[in-house]
file target.cif (mmCIF, C-alpha atoms)
data_structure
#
loop_
_atom_site.label_atom_id
_atom_site.label_comp_id
_atom_site.auth_asym_id
_atom_site.auth_seq_id
_atom_site.Cartn_x
_atom_site.Cartn_y
_atom_site.Cartn_z
CA MET A 734 120.48 98.11 127.69
CA ASP A 735 120.04 98.05 123.91
CA MET A 736 122.81 98.66 121.40
CA PHE A 737 121.68 102.19 120.61
CA THR A 738 121.74 103.36 124.24
CA GLN A 739 125.15 101.80 124.56
CA TYR A 740 126.26 103.78 121.49
CA PHE A 741 124.98 107.05 123.01
CA LYS A 742 126.90 106.34 126.18
CA SER A 743 130.09 105.45 124.35
CA ILE A 744 130.20 108.66 122.31
CA SER A 745 129.52 110.89 125.30
CA LYS A 746 133.07 110.24 126.53
CA TYR A 747 134.54 112.23 123.59
CA PRO A 748 134.86 115.92 124.61
CA LEU A 749 133.72 118.75 122.35
CA LEU A 750 136.50 120.63 120.55
CA THR A 751 137.42 124.28 120.80
CA ARG A 752 137.96 126.33 117.63
CA GLU A 753 141.75 126.14 118.09
CA GLN A 754 141.66 122.36 118.54
CA GLU A 755 139.56 122.04 115.39
CA VAL A 756 142.09 124.03 113.33
CA GLU A 757 144.94 122.01 114.76
CA LEU A 758 143.21 118.72 113.93
CA ALA A 759 142.22 119.95 110.44
CA LYS A 760 145.87 120.77 109.71
CA LYS A 761 146.89 117.28 110.80
CA ILE A 762 144.12 115.69 108.71
CA GLU A 763 145.42 117.56 105.66
CA LYS A 764 148.78 115.92 106.21
CA GLY A 765 147.10 112.49 106.33
CA ASP A 766 146.93 111.90 110.07
CA VAL A 767 144.36 109.12 110.53
CA ARG A 768 144.14 109.49 114.32
CA ALA A 769 143.39 113.20 114.05
CA ARG A 770 140.63 112.43 111.55
CA GLU A 771 139.18 109.84 113.92
CA LYS A 772 139.27 112.29 116.83
CA MET A 773 137.55 114.99 114.77
CA ILE A 774 134.80 112.53 113.76
CA ASN A 775 134.31 111.13 117.27
CA SER A 776 134.12 114.57 118.84
CA ASN A 777 131.32 115.59 116.51
CA LEU A 778 129.19 112.43 116.65
CA ARG A 779 126.80 114.18 119.05
CA LEU A 780 126.14 116.85 116.44
CA ALA A 781 125.30 114.12 113.92
CA ILE A 782 122.83 112.53 116.35
CA SER A 783 121.15 115.82 117.18
CA ILE A 784 120.53 116.51 113.47
CA ALA A 785 119.32 112.94 112.84
CA LYS A 786 116.82 113.28 115.71
CA LYS A 787 115.17 116.27 114.00
CA TYR A 788 114.15 113.98 111.12
CA TYR A 789 113.02 111.11 113.30
CA ARG A 790 109.35 110.21 112.74
CA THR A 791 107.16 107.20 113.51
CA GLY A 792 107.91 104.35 111.18
CA ILE A 793 111.48 105.47 110.46
CA ASN A 794 114.42 103.73 112.04
CA LEU A 795 116.53 106.22 114.05
CA GLU A 796 119.56 103.99 113.69
CA ASP A 797 119.40 104.32 109.90
CA LEU A 798 119.19 108.11 110.19
CA VAL A 799 122.14 108.26 112.60
CA GLN A 800 124.15 106.04 110.29
CA GLU A 801 123.51 108.40 107.37
CA SER A 802 124.27 111.50 109.43
CA ASN A 803 127.59 109.91 110.43
CA ILE A 804 128.39 109.40 106.74
CA GLY A 805 127.63 113.11 106.20
CA LEU A 806 129.89 113.97 109.10
CA ILE A 807 132.78 111.94 107.64
CA LYS A 808 132.35 113.79 104.31
CA ALA A 809 132.43 117.10 106.16
CA VAL A 810 135.63 116.14 108.02
CA ASP A 811 137.31 115.21 104.72
CA LYS A 812 136.27 118.40 102.99
CA PHE A 813 136.65 120.92 105.83
CA ASP A 814 138.87 123.86 104.93
CA TRP A 815 140.13 125.54 108.15
CA ARG A 816 141.53 128.53 106.15
CA LYS A 817 138.04 129.90 105.54
CA GLY A 818 137.72 130.65 109.25
CA ASN A 819 134.41 128.87 109.87
CA LYS A 820 133.71 126.72 112.85
CA PHE A 821 133.61 123.04 111.92
CA SER A 822 130.07 122.52 113.24
CA THR A 823 128.78 125.31 110.95
CA TYR A 824 130.29 123.60 107.92
CA ALA A 825 129.43 120.03 108.95
CA THR A 826 125.75 120.83 109.65
CA TRP A 827 125.10 121.26 105.89
CA TRP A 828 126.73 117.97 104.95
CA ILE A 829 124.99 116.08 107.74
CA THR A 830 121.59 117.64 106.98
CA GLN A 831 121.94 116.83 103.29
CA SER A 832 122.85 113.23 104.02
CA VAL A 833 120.08 112.72 106.60
CA ARG A 834 117.43 114.40 104.45
CA LYS A 835 118.34 112.14 101.54
CA GLU A 836 117.95 109.06 103.74
CA PHE A 837 114.78 110.43 105.33
CA LEU A 838 113.15 110.89 101.93
CA LYS A 839 114.28 107.44 100.85
CA LEU A 840 112.86 105.76 103.95
CA ASN A 841 109.70 107.84 103.92
CA SER A 842 108.78 107.35 100.29
CA VAL A 843 107.58 104.43 98.20
CA ILE A 844 108.76 106.01 94.95
CA ASP A 845 112.44 106.75 94.56
CA VAL A 846 112.86 110.36 93.42
CA PRO A 847 116.26 111.73 92.25
CA GLY A 848 118.09 113.63 94.96
CA HIS A 849 118.28 116.91 93.02
CA ALA A 850 114.52 116.88 92.35
CA SER A 851 113.60 116.19 95.96
CA THR A 852 116.04 118.84 97.19
CA LEU A 853 114.60 121.43 94.80
CA GLY A 854 111.06 120.45 95.84
CA TRP A 855 112.03 120.77 99.50
CA LYS A 856 113.62 124.20 98.85
CA TYR A 857 110.40 125.34 97.15
CA HIS A 858 108.33 124.31 100.17
CA GLU A 859 110.73 126.06 102.53
CA LEU A 860 110.50 129.17 100.32
CA ILE A 861 106.69 129.07 100.52
CA LYS A 862 106.88 128.92 104.32
CA VAL A 863 109.22 131.92 104.47
CA THR A 864 107.35 134.10 101.96
CA GLN A 865 104.01 133.29 103.55
CA LYS A 866 105.37 134.35 106.92
CA ASP A 867 107.13 137.49 105.69
CA TYR A 868 104.85 138.72 102.89
CA GLY A 869 101.61 136.88 103.56
CA ARG A 870 101.40 135.29 100.12
CA ILE A 871 102.67 132.32 98.14
CA PRO A 872 105.13 133.12 95.32
CA THR A 873 104.18 132.22 91.75
CA ILE A 874 106.12 129.50 89.96
CA GLU A 875 107.98 132.17 87.92
CA GLU A 876 108.99 134.07 91.05
CA ALA A 877 110.03 130.90 92.86
CA ALA A 878 112.04 129.73 89.84
CA ASN A 879 113.85 133.10 89.77
CA ILE A 880 114.62 132.99 93.48
CA LEU A 881 115.84 129.38 93.32
CA SER A 882 117.85 130.11 90.12
CA THR A 883 116.22 127.43 88.04
CA SER A 884 113.83 127.18 85.11
CA LYS A 885 110.05 127.11 85.45
CA VAL A 886 109.79 123.61 83.90
CA THR A 887 112.49 122.13 86.14
CA LEU A 888 110.81 123.57 89.22
CA LYS A 889 107.38 122.26 88.18
CA ASN A 890 108.81 118.77 87.64
CA ALA A 891 110.60 118.92 91.00
CA ILE A 892 107.36 119.94 92.78
CA ASP A 893 105.53 117.01 91.15
CA ALA A 894 108.34 114.65 92.13
CA TYR A 895 108.30 115.98 95.69
CA LYS A 896 104.56 115.30 95.92
CA LEU A 897 105.19 111.69 94.84
CA GLN A 898 107.26 111.17 97.94
CA ASN A 899 104.16 111.46 100.08
CA CYS A 900 102.71 108.28 98.55
CA ILE A 901 102.19 105.34 100.82
CA SER A 902 102.09 101.70 99.88
CA MET A 903 98.67 100.07 99.72
CA ASP A 904 100.27 96.95 101.16
CA MET A 905 101.66 98.76 104.20
CA PRO A 906 100.38 97.11 107.39
CA ILE A 907 98.16 99.31 109.55
CA LYS A 908 99.48 100.27 112.94
CA SER A 909 97.11 100.27 115.86
CA SER A 910 96.83 103.25 118.22
CA ASP A 911 99.16 101.62 120.74
CA GLY A 912 101.90 101.49 118.06
CA GLY A 913 101.70 97.76 117.50
CA GLY A 914 101.25 96.44 113.97
CA ASP A 915 98.28 94.39 112.81
CA SER A 916 99.94 92.26 110.17
CA ASN A 917 96.64 91.03 108.75
CA ARG A 918 95.30 94.40 107.63
CA THR A 919 96.77 96.81 105.12
CA PHE A 920 95.85 100.31 103.93
CA GLY A 921 94.41 98.74 100.79
CA ASP A 922 91.90 96.81 102.95
CA MET A 923 90.58 100.07 104.40
CA ILE A 924 89.72 101.69 101.05
CA PRO A 925 86.18 100.97 99.87
CA ASP A 926 85.85 99.71 96.30
CA ASP A 927 83.24 101.88 94.60
CA ASP A 928 83.56 100.06 91.29
CA ILE A 929 81.93 96.83 92.35
CA ASP A 930 78.22 97.36 92.70
CA PRO A 931 76.45 94.29 94.12
CA LEU A 932 73.36 95.16 92.05
CA LEU A 933 75.48 95.27 88.89
CA GLY A 934 76.79 91.81 89.73
CA ILE A 935 73.22 90.45 89.89
CA VAL A 936 72.28 92.17 86.60
CA THR A 937 75.39 90.81 84.86
CA ARG A 938 74.58 87.32 86.08
CA SER A 939 71.06 87.65 84.82
CA VAL A 940 72.32 88.81 81.36
CA ARG A 941 74.47 85.68 81.26
CA GLU A 942 71.42 83.55 82.04
CA VAL A 943 69.43 85.31 79.29
CA VAL A 944 72.19 84.60 76.78
CA ILE A 945 72.32 80.95 77.82
CA ASP A 946 68.53 80.80 77.42
CA ALA A 947 68.83 82.37 73.97
CA ILE A 948 71.43 79.78 72.93
CA SER A 949 69.19 76.96 74.08
CA THR A 950 66.44 78.15 71.68
CA LEU A 951 68.70 77.40 68.69
CA THR A 952 68.50 74.18 66.71
CA GLU A 953 71.19 71.61 67.29
CA LYS A 954 72.76 72.40 63.92
CA GLU A 955 72.88 76.16 64.62
CA GLN A 956 74.45 75.56 68.03
CA LYS A 957 77.03 73.26 66.51
CA VAL A 958 77.99 75.72 63.75
CA ILE A 959 78.38 78.57 66.26
CA ARG A 960 80.42 76.40 68.61
CA LEU A 961 82.71 75.24 65.80
CA ARG A 962 83.10 78.79 64.49
CA PHE A 963 83.97 80.11 67.96
CA GLY A 964 86.30 77.20 68.69
CA ILE A 965 84.22 75.94 71.61
CA TYR A 966 84.28 72.18 71.28
CA GLU A 967 85.79 69.30 73.22
CA ASP A 968 89.21 69.24 71.49
CA ALA A 969 89.65 73.01 71.52
CA ASN A 970 91.76 74.72 74.13
CA THR A 971 89.19 77.12 75.57
CA ASP A 972 91.45 78.19 78.39
CA SER A 973 93.33 80.62 76.12
CA SER A 974 93.41 84.23 77.19
CA LEU A 975 91.41 87.11 75.72
CA GLU A 976 94.54 88.29 73.86
CA ASP A 977 94.48 84.98 71.98
CA ILE A 978 90.83 85.39 71.09
CA GLN A 979 90.92 88.92 69.72
CA MET B 1208 88.71 106.09 49.85
CA ARG B 1209 87.75 103.48 52.42
CA LYS B 1210 86.16 100.41 50.90
CA ASN B 1211 84.19 99.26 53.92
CA LYS B 1212 83.30 102.12 56.19
CA TRP B 1213 81.27 99.98 58.60
CA LYS B 1214 84.14 97.61 59.30
CA THR B 1215 86.58 100.48 59.66
CA GLU B 1216 84.37 102.11 62.25
CA GLN B 1217 83.16 99.02 64.11
CA GLY B 1218 86.37 97.01 63.99
CA TYR B 1219 86.77 93.37 63.13
CA PHE B 1220 85.79 90.26 65.00
CA THR B 1221 88.51 87.64 64.76
CA VAL B 1222 87.76 84.08 65.69
CA PRO B 1223 90.29 82.33 67.94
CA LYS B 1224 92.86 79.99 66.46
CA GLU B 1225 90.75 76.97 67.50
CA GLY B 1226 87.77 78.38 65.59
CA LYS B 1227 86.93 76.60 62.32
CA THR B 1228 86.51 78.33 58.98
CA PHE B 1229 83.20 77.98 57.14
CA LYS B 1230 84.97 75.64 54.71
CA GLU B 1231 86.10 73.34 57.52
CA ILE B 1232 82.64 73.40 59.15
CA SER B 1233 81.11 72.67 55.78
CA SER B 1234 83.27 69.57 55.33
CA ILE B 1235 82.51 68.38 58.92
CA LEU B 1236 78.76 68.72 58.37
CA SER B 1237 78.99 67.11 54.92
CA ASP B 1238 80.76 64.08 56.44
CA GLU B 1239 78.19 63.78 59.23
CA GLU B 1240 75.09 64.19 57.10
CA GLY B 1241 76.36 62.21 54.12
CA LYS B 1242 75.40 65.00 51.72
CA SER B 1243 77.04 68.18 50.56
CA VAL B 1244 76.58 71.18 52.86
CA PRO B 1245 77.96 74.24 51.05
CA GLN B 1246 79.96 76.96 52.79
CA SER B 1247 77.25 79.50 52.03
CA THR B 1248 74.72 77.34 53.86
CA VAL B 1249 77.05 77.12 56.89
CA SER B 1250 77.48 80.90 56.81
CA ASN B 1251 73.68 81.32 56.66
CA ILE B 1252 73.14 78.90 59.57
CA PHE B 1253 75.74 80.77 61.63
CA ARG B 1254 74.19 84.15 60.87
CA ARG B 1255 70.66 82.85 61.51
CA GLY B 1256 71.75 81.51 64.89
CA LEU B 1257 73.22 84.86 65.88
CA VAL B 1258 70.09 86.71 64.75
CA LYS B 1259 67.95 84.36 66.86
CA ILE B 1260 70.13 84.98 69.92
CA ALA B 1261 70.06 88.77 69.37
CA ASN B 1262 66.27 88.70 68.97
CA HIS B 1263 65.81 86.60 72.08
CA ILE B 1264 67.92 88.98 74.19
CA ALA B 1265 66.14 92.02 72.72
CA ASN B 1266 62.71 90.50 73.53
CA GLU B 1267 63.82 89.68 77.04
CA TYR B 1268 64.79 93.31 77.68
CA GLU B 1269 61.93 94.70 75.57
CA LYS B 1270 64.27 96.54 73.21
CA ASP B 1271 63.53 97.36 69.61
CA ILE B 1272 66.68 96.48 67.67
CA ASP B 1273 67.76 95.46 64.19
CA ALA B 1274 69.08 91.96 64.93
CA GLU B 1275 70.77 91.75 61.51
CA VAL B 1276 72.94 94.75 62.40
CA ILE B 1277 73.55 93.67 66.00
CA CYS B 1278 74.73 90.20 65.02
CA ARG B 1279 77.40 91.75 62.77
CA ASP B 1280 78.77 93.77 65.68
CA PRO B 1281 82.23 92.52 66.78
CA GLY B 1282 81.43 93.42 70.40
CA PHE B 1283 78.27 91.28 70.33
CA ARG B 1284 80.12 88.33 68.83
CA SER B 1285 83.04 88.47 71.24
CA SER B 1286 80.69 88.86 74.25
CA LEU B 1287 78.65 85.89 73.09
CA MET B 1288 81.79 83.85 72.64
CA ASP B 1289 82.94 84.88 76.12
CA VAL B 1290 79.69 83.73 77.70
CA MET B 1291 79.82 80.42 75.84
CA ARG B 1292 83.42 79.78 76.83
CA GLN B 1293 82.81 80.65 80.47
CA THR B 1294 79.71 78.48 80.58
CA LYS B 1295 81.70 75.62 79.13
CA GLN B 1296 84.44 76.11 81.69
CA ASN B 1297 81.88 76.29 84.52
CA ASN B 1298 80.22 73.14 83.20
CA LYS B 1299 83.58 71.43 83.26
CA LYS B 1300 84.16 72.53 86.85
CA ASP B 1301 80.85 71.73 88.48
CA ASP B 1302 79.45 69.39 85.81
CA SER B 1303 76.11 71.19 85.91
CA SER B 1304 73.11 70.27 83.74
CA ILE B 1305 73.37 73.35 81.48
CA SER B 1306 75.25 72.43 78.37
CA ILE B 1307 75.80 74.42 75.26
#

call {"tool": "encode", "arguments": {"input": "target.cif", "output": "structure tokens"}}
result
Amino acid sequence: MDMFTQYFKSISKYPLLTREQEVELAKKIEKGDVRAREKMINSNLRLAISIAKKYYRTGINLEDLVQESNIGLIKAVDKFDWRKGNKFSTYATWWITQSVRKEFLKLNSVIDVPGHASTLGWKYHELIKVTQKDYGRIPTIEEAANILSTSKVTLKNAIDAYKLQNCISMDMPIKSSDGGGDSNRTFGDMIPDDDIDPLLGIVTRSVREVVIDAISTLTEKEQKVIRLRFGIYEDANTDSSLEDIQ
Amino acid sequence: MRKNKWKTEQGYFTVPKEGKTFKEISSILSDEEGKSVPQSTVSNIFRRGLVKIANHIANEYEKDIDAEVICRDPGFRSSLMDVMRQTKQNNKKDDSSISI
């Protein structure tokens, strides 16, 4: 039995709380009762796992997601206000989702994008889904900016930043169909290089040969003057870079 | 007003720090030959060599060019220097028979 299964089993022993129990515990937490806080957290760990599972994809560690959702849950317990009359799970779901989504984007992306930008980008994509379903069209940037209460420029930047999160590393190892990794091959290896044309290589080599031929037609004195002028002689350091030359 | 439009447009070719000035080359050649070789002669020899190379390449590719203009081109000079340096490095590595 692995550690994670053991963890699932261990949290299943904590019973779910009724609304009255939640209020009672929240009151105790306000007074600084550590045990009440612990009980509230433990009783809601299953909620944290269920939200973390929604974001679980291939290549992402579920344990990392669960860890983050637990952090979100702890925040929710500390900030829960029982006077507002909401059920704890309703309130905690937002904190947990925010925490897990942040971690999900971090694990899923090569480029680190600020949290507010990725959240705004995500909201825009959710908005597109809803409007497409309800009205059959995609909102313009102006409309979306109005709905999301932000400026057009900020929204555009957030959309660009959100797109960056879909980048993958060229050095990422390719996974075979059975899920196993082939450490020797990366995504970069699979992309054909259109820049290098074998024919061009031959032509370039032949130009070099023509130039060498041309140099050999010069008199010894001419060759020597050119070599001295270009700094190509025995004592010269010809290994210097192009930046040194030009 | 720009004094030298051609140079402004084409850019400059700068020799590397190991490269000798015409004055230095002139004194080297004077020492070797035992007679005075003026700087202007060195400059002419250098230019003549470049014109010969440009002409040879143009003939090889059957192009009609003005070699005098081509040999003043910074791109031509730096490419030629590049080829010479690489050939020298290759010669060092595999000690082949081609030597320049």

call {"tool": "atom_distance", "arguments": {"input": "target.cif", "atom1": "CA of Ala947 in chain A", "atom2": "CA of Gly1256 in chain B"}}
result
9.6 Å

call {"tool": "atom_distance", "arguments": {"input": "target.cif", "atom1": "CA of Glu801 in chain A", "atom2": "CA of Ser832 in chain A"}}
result
5.9 Å

call {"tool": "resolve_selection", "arguments": {"input": "target.cif", "expression": "the PyMOL selection byres ((chain A and resi 845) around 12)", "output": "short mmCIF file (atom, residue, chain, number, x, y, z; two decimals) with C-alpha atoms, in the frame of the given file"}}
result
data_model
loop_
_atom_site.label_atom_id
_atom_site.label_comp_id
_atom_site.auth_asym_id
_atom_site.auth_seq_id
_atom_site.Cartn_x
_atom_site.Cartn_y
_atom_site.Cartn_z
CA LYS A 835 118.34 112.14 101.54
CA GLU A 836 117.95 109.06 103.74
CA PHE A 837 114.78 110.43 105.33
CA LEU A 838 113.15 110.89 101.93
CA LYS A 839 114.28 107.44 100.85
CA LEU A 840 112.86 105.76 103.95
CA ASN A 841 109.70 107.84 103.92
CA SER A 842 108.78 107.35 100.29
CA VAL A 843 107.58 104.43 98.20
CA ILE A 844 108.76 106.01 94.95
CA VAL A 846 112.86 110.36 93.42
CA PRO A 847 116.26 111.73 92.25
CA GLY A 848 118.09 113.63 94.96
CA HIS A 849 118.28 116.91 93.02
CA ALA A 850 114.52 116.88 92.35
CA SER A 851 113.60 116.19 95.96
CA ALA A 894 108.34 114.65 92.13
CA TYR A 895 108.30 115.98 95.69
CA LYS A 896 104.56 115.30 95.92
CA LEU A 897 105.19 111.69 94.84
CA GLN A 898 107.26 111.17 97.94
CA ASN A 899 104.16 111.46 100.08
CA CYS A 900 102.71 108.28 98.55
#

call {"tool": "resolve_selection", "arguments": {"input": "target.cif", "expression": "the PyMOL selection byres ((chain B) within 7 of (chain A))", "output": "NGL selection string"}}
result
:B and (1221-1223 or 1225-1228 or 1232 or 1252-1253 or 1256 or 1260 or 1263-1264 or 1288 or 1290 or 1292)

call {"tool": "residues_near_point", "arguments": {"input": "target.cif", "point": "(119.4, 110.5, 105.7)", "cutoff": "12 Å", "atoms": "all atoms listed in the file", "output": "VMD selection string"}}
result
chain A and resid 781 to 782 784 to 789 793 to 806 828 to 841 848

call {"tool": "write_last_selection", "arguments": {"input": "target.cif", "atoms": "C-alpha atoms", "output": "PDB file, in the frame of the given file"}}
result
ATOM      1  CA  ALA A 781     125.300 114.120 113.920  1.00  0.00           C
ATOM      2  CA  ILE A 782     122.830 112.530 116.350  1.00  0.00           C
ATOM      3  CA  ILE A 784     120.530 116.510 113.470  1.00  0.00           C
ATOM      4  CA  ALA A 785     119.320 112.940 112.840  1.00  0.00           C
ATOM      5  CA  LYS A 786     116.820 113.280 115.710  1.00  0.00           C
ATOM      6  CA  LYS A 787     115.170 116.270 114.000  1.00  0.00           C
ATOM      7  CA  TYR A 788     114.150 113.980 111.120  1.00  0.00           C
ATOM      8  CA  TYR A 789     113.020 111.110 113.300  1.00  0.00           C
ATOM      9  CA  ILE A 793     111.480 105.470 110.460  1.00  0.00           C
ATOM     10  CA  ASN A 794     114.420 103.730 112.040  1.00  0.00           C
ATOM     11  CA  LEU A 795     116.530 106.220 114.050  1.00  0.00           C
ATOM     12  CA  GLU A 796     119.560 103.990 113.690  1.00  0.00           C
ATOM     13  CA  ASP A 797     119.400 104.320 109.900  1.00  0.00           C
ATOM     14  CA  LEU A 798     119.190 108.110 110.190  1.00  0.00           C
ATOM     15  CA  VAL A 799     122.140 108.260 112.600  1.00  0.00           C
ATOM     16  CA  GLN A 800     124.150 106.040 110.290  1.00  0.00           C
ATOM     17  CA  GLU A 801     123.510 108.400 107.370  1.00  0.00           C
ATOM     18  CA  SER A 802     124.270 111.500 109.430  1.00  0.00           C
ATOM     19  CA  ASN A 803     127.590 109.910 110.430  1.00  0.00           C
ATOM     20  CA  ILE A 804     128.390 109.400 106.740  1.00  0.00           C
ATOM     21  CA  GLY A 805     127.630 113.110 106.200  1.00  0.00           C
ATOM     22  CA  LEU A 806     129.890 113.970 109.100  1.00  0.00           C
ATOM     23  CA  TRP A 828     126.730 117.970 104.950  1.00  0.00           C
ATOM     24  CA  ILE A 829     124.990 116.080 107.740  1.00  0.00           C
ATOM     25  CA  THR A 830     121.590 117.640 106.980  1.00  0.00           C
ATOM     26  CA  GLN A 831     121.940 116.830 103.290  1.00  0.00           C
ATOM     27  CA  SER A 832     122.850 113.230 104.020  1.00  0.00           C
ATOM     28  CA  VAL A 833     120.080 112.720 106.600  1.00  0.00           C
ATOM     29  CA  ARG A 834     117.430 114.400 104.450  1.00  0.00           C
ATOM     30  CA  LYS A 835     118.340 112.140 101.540  1.00  0.00           C
ATOM     31  CA  GLU A 836     117.950 109.060 103.740  1.00  0.00           C
ATOM     32  CA  PHE A 837     114.780 110.430 105.330  1.00  0.00           C
ATOM     33  CA  LEU A 838     113.150 110.890 101.930  1.00  0.00           C
ATOM     34  CA  LYS A 839     114.280 107.440 100.850  1.00  0.00           C
ATOM     35  CA  LEU A 840     112.860 105.760 103.950  1.00  0.00           C
ATOM     36  CA  ASN A 841     109.700 107.840 103.920  1.00  0.00           C
ATOM     37  CA  GLY A 848     118.090 113.630  94.960  1.00  0.00           C
TER      38      GLY A 848
END

call {"tool": "atom_distance", "arguments": {"input": "target.cif", "atom1": "CA of Val1249 in chain B", "atom2": "CA of Ala1265 in chain B"}}
result
24.3 Å

call {"tool": "decode", "arguments": {"input": "target.cif", "residues": "range 875-909 of chain A", "atoms": "C-alpha atoms", "output": "short mmCIF file (atom, residue, chain, number, x, y, z; two decimals), in the first residue's frame"}}
result
data_model
loop_
_atom_site.label_atom_id
_atom_site.label_comp_id
_atom_site.auth_asym_id
_atom_site.auth_seq_id
_atom_site.Cartn_x
_atom_site.Cartn_y
_atom_site.Cartn_z
CA GLU A 875 -14.66 45.27 -25.16
CA GLU A 876 -17.72 43.30 -24.05
CA ALA A 877 -15.62 40.79 -22.13
CA ALA A 878 -13.65 43.58 -20.44
CA ASN A 879 -16.93 45.22 -19.36
CA ILE A 880 -18.33 41.97 -18.00
CA LEU A 881 -15.10 41.14 -16.14
CA SER A 882 -14.81 44.75 -14.85
CA THR A 883 -11.36 45.36 -16.25
CA SER A 884 -9.73 47.41 -18.98
CA LYS A 885 -9.34 46.23 -22.57
CA VAL A 886 -5.51 46.37 -22.39
CA THR A 887 -5.32 44.42 -19.13
CA LEU A 888 -7.61 41.73 -20.54
CA LYS A 889 -5.60 41.46 -23.77
CA ASN A 890 -2.36 41.06 -21.79
CA ALA A 891 -3.99 38.46 -19.55
CA ILE A 892 -5.21 36.47 -22.59
CA ASP A 893 -1.68 36.53 -24.06
CA ALA A 894 -0.23 35.44 -20.71
CA TYR A 895 -2.79 32.65 -20.44
CA LYS A 896 -1.80 31.37 -23.89
CA LEU A 897 1.85 31.25 -22.75
CA GLN A 898 0.89 28.70 -20.15
CA ASN A 899 0.19 26.16 -22.85
CA CYS A 900 3.87 26.13 -23.89
CA ILE A 901 5.77 22.93 -23.44
CA SER A 902 9.47 22.50 -22.98
CA MET A 903 11.45 21.32 -26.01
CA ASP A 904 13.57 19.28 -23.61
CA MET A 905 10.58 17.45 -22.13
CA PRO A 906 11.05 13.68 -22.53
CA ILE A 907 8.48 11.98 -24.76
CA LYS A 908 6.15 9.52 -23.12
CA SER A 909 5.34 6.34 -24.94
#
